[in-house]
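What's in final_13.txt: compact mmCIF, C-alpha atoms
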# COMPACT_ATOMS: atom_id res chain seq x y z
CA MET A 1 71.69 103.16 80.19
CA LEU A 2 73.43 105.88 82.22
CA ILE A 3 71.77 104.59 85.39
CA GLY A 4 72.95 101.08 84.59
CA LEU A 5 76.50 102.32 84.04
CA TRP A 6 76.70 104.24 87.31
CA LEU A 7 75.13 101.41 89.31
CA SER A 8 77.66 98.99 87.81
CA ILE A 9 80.53 101.31 88.71
CA LEU A 10 79.31 101.93 92.25
CA LEU A 11 78.50 98.32 93.04
CA GLY A 12 81.39 96.69 91.23
CA GLU A 13 84.13 98.97 92.54
CA ARG A 14 82.92 99.80 96.04
CA VAL A 15 81.22 96.63 97.25
CA PRO A 16 83.53 93.67 98.00
CA ALA A 17 82.39 90.23 96.88
CA GLY A 18 82.37 89.11 100.49
CA THR A 19 79.52 91.58 101.12
CA TRP A 20 77.55 90.91 97.94
CA SER A 21 78.61 87.98 95.77
CA LEU A 22 77.22 89.49 92.54
CA ALA A 23 79.34 92.64 92.83
CA PRO A 24 82.35 91.33 90.84
CA LEU A 25 80.02 90.08 88.11
CA VAL A 26 78.32 93.48 87.93
CA ALA A 27 81.78 95.08 87.61
CA LEU A 28 82.38 93.06 84.43
CA THR A 29 79.51 94.93 82.75
CA VAL A 30 81.22 98.35 83.07
CA PRO A 31 83.20 98.10 79.79
CA LEU A 32 80.08 96.84 78.02
CA TRP A 33 78.09 99.87 79.21
CA LEU A 34 80.90 102.20 78.09
CA VAL A 35 81.06 100.66 74.61
CA LEU A 36 77.27 100.85 74.28
CA LEU A 37 77.29 104.49 75.38
CA ALA A 38 79.98 105.34 72.81
CA LEU A 39 77.93 103.64 70.07
CA VAL A 40 74.85 105.63 71.06
CA VAL A 41 76.85 108.88 70.92
CA GLY A 42 78.13 107.98 67.46
CA TYR A 43 74.63 107.05 66.26
CA TRP A 44 73.02 110.31 67.36
CA LEU A 45 75.87 112.54 66.21
CA ARG A 46 74.98 111.59 62.66
CA ARG A 47 71.31 112.41 63.21
CA SER A 48 70.87 115.05 65.92
CA TRP A 49 73.76 116.53 67.89
CA ARG A 50 71.32 117.84 70.47
CA VAL A 51 70.11 114.33 71.28
CA ALA A 52 73.75 113.17 71.41
CA LEU A 53 74.56 115.67 74.15
CA LEU A 54 73.14 113.61 77.02
CA PRO A 55 74.97 110.32 76.29
CA ALA A 56 78.10 112.32 75.38
CA ALA A 57 77.95 114.07 78.76
CA GLY A 58 77.56 110.69 80.46
CA LEU A 59 80.58 109.34 78.60
CA LEU A 60 82.59 112.41 79.54
CA LEU A 61 81.67 112.01 83.21
CA ALA A 62 82.74 108.38 83.01
CA TRP A 63 86.01 109.17 81.24
CA GLY A 64 88.01 108.10 84.28
CA GLN A 65 86.50 104.65 83.86
CA VAL A 66 87.35 104.62 80.16
CA GLU A 67 90.97 105.37 80.97
CA ARG A 68 91.14 102.55 83.48
CA GLY A 69 90.62 99.95 80.79
CA LEU A 70 91.55 101.82 77.61
CA PRO A 71 93.79 104.82 78.26
CA LEU A 72 94.29 106.97 75.18
CA HIS A 73 97.36 109.05 75.99
CA VAL A 74 98.30 109.58 72.36
CA PHE A 75 101.19 111.91 73.09
CA ARG A 76 102.75 109.40 75.51
CA ALA A 77 102.52 106.55 73.00
CA SER A 78 106.32 106.61 72.65
CA SER A 79 106.40 104.55 75.83
CA LEU A 80 105.27 101.60 73.71
CA VAL A 81 108.18 101.87 71.29
CA PRO A 82 111.41 100.22 72.49
CA GLY A 83 113.58 102.74 70.66
CA ALA A 84 111.87 105.64 72.41
CA TRP A 85 112.59 104.37 75.93
CA GLN A 86 116.04 105.94 76.11
CA ALA A 87 114.59 109.25 74.92
CA ASP A 88 111.98 109.07 77.68
CA SER A 89 114.73 108.45 80.21
CA ALA A 90 116.77 111.40 78.95
CA ALA A 91 113.73 113.66 79.10
CA ALA A 92 113.08 112.51 82.65
CA LEU A 93 116.49 113.74 83.75
CA SER A 94 115.52 117.31 82.96
CA THR A 95 111.95 117.32 84.27
CA LYS A 96 111.30 120.51 86.21
CA HIS A 97 109.23 118.70 88.82
CA GLN A 98 111.97 116.26 89.78
CA ALA A 99 113.69 116.48 93.16
CA PRO A 100 117.24 117.89 92.92
CA GLY A 101 119.96 115.23 92.63
CA THR A 102 117.42 112.50 91.90
CA LYS A 103 117.48 110.33 88.81
CA PRO A 104 114.53 108.34 87.43
CA LEU A 105 113.87 104.91 88.91
CA ARG A 106 113.16 102.08 86.48
CA LEU A 107 111.01 99.28 87.85
CA LEU A 108 110.44 95.96 86.09
CA SER A 109 107.81 93.53 87.37
CA ALA A 110 106.90 90.07 86.10
CA ASN A 111 105.12 86.89 87.01
CA VAL A 112 107.82 84.43 85.93
CA ARG A 113 105.77 81.23 86.41
CA ILE A 114 108.53 79.51 88.44
CA PHE A 115 110.78 79.91 85.37
CA ASN A 116 108.99 76.97 83.71
CA VAL A 117 110.91 74.54 85.90
CA TYR A 118 108.48 71.68 85.18
CA PRO A 119 108.75 69.93 81.79
CA GLN A 120 105.09 70.52 80.88
CA LEU A 121 105.59 74.28 81.22
CA ARG A 122 108.54 74.44 78.86
CA LYS A 123 107.57 71.82 76.30
CA LEU A 124 106.89 74.49 73.64
CA ASP A 125 110.33 76.03 74.21
CA PRO A 126 112.86 74.05 76.26
CA THR A 127 115.19 77.07 76.23
CA ALA A 128 112.61 79.43 77.79
CA PRO A 129 113.95 79.22 81.39
CA ALA A 130 117.50 80.14 80.39
CA LYS A 131 116.25 82.93 78.09
CA ALA A 132 113.98 84.41 80.75
CA ILE A 133 116.66 84.42 83.46
CA ALA A 134 119.28 85.88 81.10
CA TRP A 135 116.87 88.62 79.99
CA LEU A 136 116.13 89.62 83.58
CA ALA A 137 119.81 89.55 84.54
CA ALA A 138 120.65 91.85 81.61
CA SER A 139 117.77 94.25 82.27
CA PRO A 140 118.81 97.86 82.93
CA ALA A 141 115.99 98.16 85.48
CA ASP A 142 116.98 99.49 88.90
CA VAL A 143 114.49 97.22 90.66
CA LEU A 144 113.01 93.84 89.73
CA CYS A 145 109.76 92.67 91.37
CA LEU A 146 109.09 89.01 90.58
CA GLN A 147 106.08 86.85 91.38
CA GLU A 148 105.99 83.02 91.32
CA PHE A 149 109.72 83.11 91.92
CA TYR A 150 111.69 79.85 92.02
CA GLN A 151 115.15 79.21 93.44
CA GLU A 152 117.11 75.98 93.90
CA PRO A 153 119.52 75.53 96.83
CA ALA A 154 123.30 75.46 96.59
CA GLY A 155 124.69 72.02 95.85
CA THR A 156 121.52 70.81 94.17
CA HIS A 157 121.90 67.62 92.14
CA SER A 158 119.20 68.40 89.56
CA ARG A 159 120.34 68.62 85.96
CA ASP A 160 119.55 72.35 85.72
CA GLY A 161 120.48 73.17 89.31
CA GLU A 162 122.99 75.87 88.44
CA LEU A 163 120.54 77.51 86.04
CA TYR A 164 117.96 77.76 88.81
CA ARG A 165 120.31 79.40 91.31
CA VAL A 166 118.39 82.47 90.22
CA ALA A 167 119.00 84.71 93.24
CA ASP A 168 122.73 84.56 92.48
CA ARG A 169 122.17 85.48 88.83
CA LEU A 170 119.77 88.35 89.51
CA GLY A 171 121.39 89.52 92.75
CA PRO A 172 125.18 89.80 93.03
CA GLY A 173 125.60 88.42 89.52
CA SER A 174 123.88 91.47 88.02
CA GLY A 175 124.99 94.06 90.56
CA ARG A 176 121.80 94.00 92.63
CA HIS A 177 120.88 93.41 96.26
CA GLY A 178 118.17 90.81 96.78
CA PHE A 179 115.38 89.80 99.13
CA VAL A 180 113.48 86.55 98.55
CA SER A 181 110.25 86.00 100.45
CA LYS A 182 109.71 82.23 100.59
CA SER A 183 106.18 80.89 100.85
CA LEU A 184 107.11 77.25 100.27
CA VAL A 185 110.24 75.11 100.46
CA ASN A 186 109.89 71.63 98.98
CA SER A 187 111.60 68.44 100.13
CA ALA A 188 114.59 69.14 97.87
CA GLY A 189 115.08 72.59 99.41
CA ALA A 190 113.81 74.55 96.39
CA GLU A 191 112.14 77.86 97.29
CA PHE A 192 108.90 79.30 95.89
CA GLY A 193 107.57 82.80 96.54
CA LEU A 194 108.23 86.45 95.72
CA ALA A 195 111.48 88.33 95.19
CA ILE A 196 112.82 91.87 94.85
CA PHE A 197 116.25 92.72 93.46
CA SER A 198 117.55 96.29 93.65
CA ARG A 199 120.60 98.17 92.38
CA TYR A 200 120.10 100.50 95.35
CA PRO A 201 121.02 99.23 98.83
CA ILE A 202 118.13 97.56 100.69
CA VAL A 203 117.88 99.19 104.12
CA GLY A 204 114.59 97.66 105.30
CA ARG A 205 112.38 94.70 104.40
CA GLY A 206 109.22 92.91 105.43
CA GLU A 207 106.49 90.46 104.48
CA ILE A 208 102.70 90.79 104.47
CA SER A 209 100.85 87.51 104.87
CA PHE A 210 97.19 87.32 103.93
CA GLY A 211 96.23 85.12 106.83
CA ARG A 212 99.08 82.69 106.27
CA LEU A 213 102.14 82.91 104.06
CA THR A 214 101.34 81.32 100.69
CA GLN A 215 102.25 82.07 97.09
CA ASN A 216 99.64 84.82 97.36
CA HIS A 217 101.14 87.37 99.71
CA ALA A 218 103.09 90.63 99.59
CA MET A 219 106.55 91.87 100.50
CA TRP A 220 108.30 95.21 100.66
CA VAL A 221 111.77 96.70 100.73
CA ASP A 222 113.08 100.15 101.62
CA VAL A 223 115.86 101.19 99.25
CA ALA A 224 118.39 103.99 99.67
CA GLY A 225 117.74 105.91 96.45
CA PRO A 226 117.07 107.06 93.78
CA GLY A 227 118.73 110.31 94.94
CA ARG A 228 121.11 111.25 97.72
CA GLY A 229 119.22 111.17 101.00
CA ASP A 230 116.16 109.50 99.46
CA THR A 231 114.55 106.36 100.82
CA VAL A 232 111.59 104.80 99.01
CA ARG A 233 109.44 101.77 99.80
CA ILE A 234 108.66 99.26 97.05
CA PHE A 235 105.90 96.67 97.42
CA ASN A 236 105.67 93.44 95.44
CA THR A 237 102.44 91.46 95.59
CA HIS A 238 100.64 88.47 94.13
CA LEU A 239 96.92 88.41 94.90
CA GLN A 240 94.65 85.37 94.90
CA SER A 241 94.44 83.56 91.58
CA MET A 242 91.19 83.60 89.63
CA SER A 243 91.43 79.77 89.68
CA LEU A 244 89.84 79.65 86.25
CA ASP A 245 91.11 76.93 83.94
CA GLU A 246 91.59 78.16 80.36
CA GLY A 247 90.19 74.93 78.96
CA ASP A 248 87.00 75.31 81.04
CA ILE A 249 86.55 78.91 79.86
CA VAL A 250 86.98 77.93 76.22
CA ALA A 251 84.54 75.04 76.67
CA ALA A 252 81.95 77.25 78.42
CA GLY A 253 82.11 79.85 75.64
CA SER A 254 82.06 77.46 72.70
CA SER A 255 78.61 75.91 73.08
CA ARG A 256 75.45 75.87 75.15
CA THR A 257 76.31 72.39 76.40
CA GLY A 258 79.77 73.57 77.41
CA PHE A 259 78.30 76.49 79.32
CA ARG A 260 75.91 74.21 81.21
CA ARG A 261 78.78 71.87 82.14
CA LYS A 262 81.40 74.44 83.03
CA GLY A 263 79.74 77.85 83.42
CA ARG A 264 78.32 77.54 86.92
CA GLY A 265 81.56 76.23 88.39
CA LEU A 266 83.54 79.01 86.70
CA LEU A 267 81.23 81.67 88.15
CA ARG A 268 81.50 80.21 91.66
CA ARG A 269 85.30 80.14 91.50
CA PHE A 270 85.42 83.67 90.08
CA VAL A 271 83.25 85.05 92.90
CA ARG A 272 85.22 83.21 95.61
CA GLY A 273 88.50 84.49 94.18
CA ALA A 274 87.17 88.06 93.99
CA ALA A 275 86.11 87.94 97.65
CA VAL A 276 89.59 86.82 98.73
CA ARG A 277 91.29 89.45 96.54
CA ALA A 278 89.07 92.17 98.02
CA TRP A 279 90.21 91.29 101.54
CA GLN A 280 93.83 91.04 100.42
CA ALA A 281 93.63 94.46 98.74
CA ASP A 282 92.23 96.01 101.95
CA THR A 283 95.13 94.47 103.90
CA LEU A 284 97.62 95.81 101.37
CA VAL A 285 96.12 99.32 101.47
CA ALA A 286 96.42 99.38 105.27
CA ASN A 287 100.14 98.64 104.91
CA LEU A 288 100.58 101.24 102.16
CA ARG A 289 99.13 103.92 104.42
CA ARG A 290 101.68 103.13 107.13
CA SER A 291 104.67 103.67 104.86
CA PRO A 292 106.90 106.55 106.01
CA TYR A 293 108.43 106.79 102.51
CA PRO A 294 107.22 107.40 98.93
CA VAL A 295 105.63 104.20 97.63
CA LEU A 296 105.82 102.14 94.45
CA LEU A 297 103.78 98.95 94.11
CA ALA A 298 104.01 96.24 91.48
CA GLY A 299 102.50 92.83 91.10
CA ASP A 300 100.06 90.34 89.68
CA LEU A 301 96.61 91.42 90.91
CA ASN A 302 94.77 88.64 89.08
CA ASP A 303 91.95 91.16 88.63
CA LEU A 304 90.70 93.63 86.05
CA PRO A 305 90.75 97.45 86.22
CA TYR A 306 87.04 97.59 87.11
CA SER A 307 87.35 95.38 90.16
CA TYR A 308 87.12 96.24 93.85
CA ALA A 309 90.74 95.21 94.45
CA TYR A 310 92.06 97.46 91.67
CA SER A 311 89.82 100.33 92.80
CA GLN A 312 91.09 100.19 96.39
CA LEU A 313 94.67 100.53 95.19
CA ALA A 314 93.79 103.17 92.56
CA ASN A 315 92.10 105.26 95.25
CA GLU A 316 95.44 105.46 97.08
CA LEU A 317 97.94 105.44 94.21
CA GLN A 318 98.18 106.34 90.53
CA ASN A 319 98.17 103.43 88.11
CA ALA A 320 101.14 103.71 85.75
CA TRP A 321 99.46 102.36 82.62
CA ALA A 322 96.26 104.34 83.13
CA THR A 323 98.38 107.48 83.62
CA VAL A 324 100.61 107.30 80.54
CA GLY A 325 99.66 104.22 78.51
CA PHE A 326 97.84 103.83 75.22
CA GLY A 327 95.43 100.99 74.50
CA PRO A 328 94.36 98.02 76.62
CA GLY A 329 97.93 97.12 77.69
CA ASN A 330 97.16 93.42 78.01
CA THR A 331 99.63 91.56 80.21
CA TYR A 332 98.17 88.05 80.11
CA HIS A 333 99.86 85.72 77.63
CA GLY A 334 97.56 82.76 77.18
CA ARG A 335 94.65 81.34 75.20
CA LEU A 336 92.08 83.84 76.44
CA PRO A 337 91.24 87.05 74.50
CA PRO A 338 94.22 89.46 74.55
CA LEU A 339 92.55 92.20 76.59
CA LEU A 340 93.43 91.16 80.13
CA ARG A 341 95.56 93.67 82.04
CA ILE A 342 96.00 91.91 85.37
CA ASP A 343 99.64 92.84 86.09
CA GLN A 344 99.97 96.38 87.41
CA GLN A 345 102.32 99.06 88.67
CA PHE A 346 101.15 101.85 90.97
CA ALA A 347 102.94 104.96 92.25
CA GLY A 348 102.28 107.22 95.22
CA PRO A 349 101.61 110.97 94.89
CA ARG A 350 105.30 111.89 95.30
CA TRP A 351 106.09 110.13 92.02
CA GLN A 352 105.72 111.38 88.47
CA VAL A 353 104.98 108.50 86.07
CA LEU A 354 107.19 109.08 83.04
CA SER A 355 106.64 105.93 80.99
CA CYS A 356 105.11 102.50 81.16
CA ARG A 357 105.36 99.64 78.70
CA VAL A 358 104.38 96.00 78.46
CA HIS A 359 107.10 93.72 77.09
CA THR A 360 104.95 91.70 74.69
CA GLU A 361 108.15 90.58 72.94
CA ILE A 362 109.07 88.47 76.00
CA PRO A 363 106.83 85.35 75.78
CA TYR A 364 108.58 83.07 78.29
CA ALA A 365 105.71 82.83 80.80
CA ASP A 366 101.94 83.30 80.79
CA HIS A 367 102.37 86.97 81.80
CA TYR A 368 104.26 89.70 79.98
CA PRO A 369 106.73 91.81 82.03
CA VAL A 370 105.72 95.41 82.81
CA GLU A 371 108.29 98.22 83.03
CA GLY A 372 107.73 101.67 84.47
CA LEU A 373 109.91 104.77 84.72
CA TYR A 374 109.34 107.15 87.65
CA ALA A 375 110.76 110.44 88.89
CA LEU A 376 110.50 111.54 92.51
CA ARG A 377 108.90 114.97 92.70
CA LYS A 378 110.17 117.85 94.79
CA LYS A 379 108.73 117.93 98.31
Starting from the file, give its structure as structure tokens.
Amino acid sequence: MLIGLWLSILLGERVPAGTWSLAPLVALTVPLWLVLLALVVGYWLRRSWRVALLPAAGLLLAWGQVERGLPLHVFRASSLVPGAWQADSAAALSTKHQAPGTKPLRLLSANVRIFNVYPQLRKLDPTAPAKAIAWLAASPADVLCLQEFYQEPAGTHSRDGELYRVADRLGPGSGRHGFVSKSLVNSAGAEFGLAIFSRYPIVGRGEISFGRLTQNHAMWVDVAGPGRGDTVRIFNTHLQSMSLDEGDIVAAGSSRTGFRRKGRGLLRRFVRGAAVRAWQADTLVANLRRSPYPVLLAGDLNDLPYSYAYSQLANELQNAWATVGFGPGNTYHGRLPPLLRIDQQFAGPRWQVLSCRVHTEIPYADHYPVEGLYALRKK
């Protein structure tokens, strides 16, 4: 069992799917091994504590893996309670590790699903686009990192054209500077891509294409803050989609016939997506290493905490939820089981992660927004 666990960790997290196609599938077994190991420990503790020592030692050695998928920071659980957020912020102001004259930086990231611009996306709630945009505009966050961003041009003749002048609402309209990285402009002039909006001045910006500029790419901005004389670099990314249709997954899991019809195709698409995400993560890490400033990264990784893509980023940066969160922290809002944390925030070593929460009360897209609070440490 212990051998199986360590092989799964080594292969799943260190071998990209492009090198061995089964690696991402092996990675999916890591949480199963951990659960089985915990059950074995519990079984033997009631019979012979001496026998329980070996699996308990294995579980202890693998505790870093446990905290990737199920962090148990009980004493930081206040980060999950909306009313405690202001208290966390106040405590951050007095942290002894914080650089002088620096205040905490609040970062909000979300996959906004093009603000449900198409009728089929908003049929359950026609008011969802207006609610989502208003909520983001009113957010106290210093920086917004948005994936699947959508923006209509000035003078548009569509019925909701003014509503979808989103860069105006989230930029100057809410006291922020903005940078929109367009991956597609349709025939009507509407823009699709990524966006960052910051209350601090943007003094540098750039794009990272993964071969060619598509919806799946990355962008960065340098902002003058959060303290006097500080400059920090913030990355926003959207990695390759899993390309797995929810209906196909439900069908494959509901019956043997459904698995025969849909299972093989789902596995092929999952492996292909994992291979692309592995290469994209390597490209992103190379850019992170070149940053001359302290780094924050947010985005939709479309991958789980036991994947190669997540591991490459976690080797360079600290994951906010794994550092201070409690529970699975699921960010996917759809028909699949509510244990998928695919939207992440990471912070470089200069940052102290103060709080992280998932806004499960904001159901306007198929991803929940993630909000992190960070303090820049003394040099």
Residues near Pro305 of chain A, cut-off 7 Å, only C-alpha atoms, skip fewer than 5 positions along chain, as a tab-separated table (two decimals) with C-alpha atoms, in the frame of the given file:
chain	number	residue	atom	x	y	z
A	68	ARG	CA	91.14	102.55	83.48
A	69	GLY	CA	90.62	99.95	80.79
A	310	TYR	CA	92.06	97.46	91.67
Smallest atom-to-atom distance to Pro104 of chain A: which of A:Leu354, A:Ala224, A:Ala17, A:Leu267, using all atoms listed in the file? A:Leu354
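Using all atoms listed in the file, the shortest contact distance between Tyr308 of chain A and any of A:Leu376, A:Val15, A:Leu136, A:Val353 is found at A:Val15.
Residues surrounding Gly327 of chain A within 6 Å are A:Leu70, A:Pro71, A:Gly329 [all atoms listed in the file; sequence separation below 2 positions excluded].
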Would you save the residues of that selection, restricted to C-alpha atoms, as an mmCIF file, keeping the file's coordinate frame?
data_model
loop_
_atom_site.group_PDB
_atom_site.id
_atom_site.type_symbol
_atom_site.label_atom_id
_atom_site.label_comp_id
_atom_site.auth_asym_id
_atom_site.auth_seq_id
_atom_site.Cartn_x
_atom_site.Cartn_y
_atom_site.Cartn_z
ATOM 1 C CA LEU A 70 91.550 101.820 77.610
ATOM 2 C CA PRO A 71 93.790 104.820 78.260
ATOM 3 C CA GLY A 329 97.930 97.120 77.690
#
Give as a ChimeraX atom specification every residue, naming chains and numbers as the document does, that has an atom within 12 Å of (81.6, 108.9, 78.3), counting only C-alpha atoms. /A:1-2,5-6,30-31,33-42,52-67
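Excluding Ser291 of chain A and any residue on its chain fewer than 2 positions from it, the residues at most 10 Å away by all atoms listed in the file are Asp222, Val232, Arg233, Ile234, Ala286, Asn287, Leu288, Arg289, Tyr293, Pro294 and Val295 of chain A.
Relative to atom CA of Pro363 of chain A, atom CA of Leu28 of chain A is found at 27.1 Å.
Atom CA of Gln344 of chain A to atom CA of Ala298 of chain A spans 5.7 Å [interatomic distance, one decimal].
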Which residues come within 8 Å of Leu304 of chain A, counting only C-alpha atoms, excluding same-chain residues fewer than 4 positions away, as a ChimeraX atom specification? /A:310,340-342
Hey, what's within 12 Å of Leu296 of chain A if we count all atoms listed in the file and toss same-chain stuff fewer than 5 positions away? As a PyMOL selection string, please? chain A and resi 105-109+143-145+219-223+231-237+288+291+313+316-320+344-353+372-376
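Relative to atom CA of Tyr118 of chain A, atom CA of Gly189 of chain A is found at 15.7 Å.
You can rank A:Gly299, A:Gly334, A:Gly206, A:Pro201 by their closest distance to Val180 of chain A using all atoms listed in the file, and at the top of that list sits A:Gly206.
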Residues around (115.4, 93.8, 81.3), cut-off 12 Å, counting all atoms listed in the file - what are they as a PyMOL selection string? chain A and resi 82+106-110+131-145+170+174+357-359+361-362+368-372
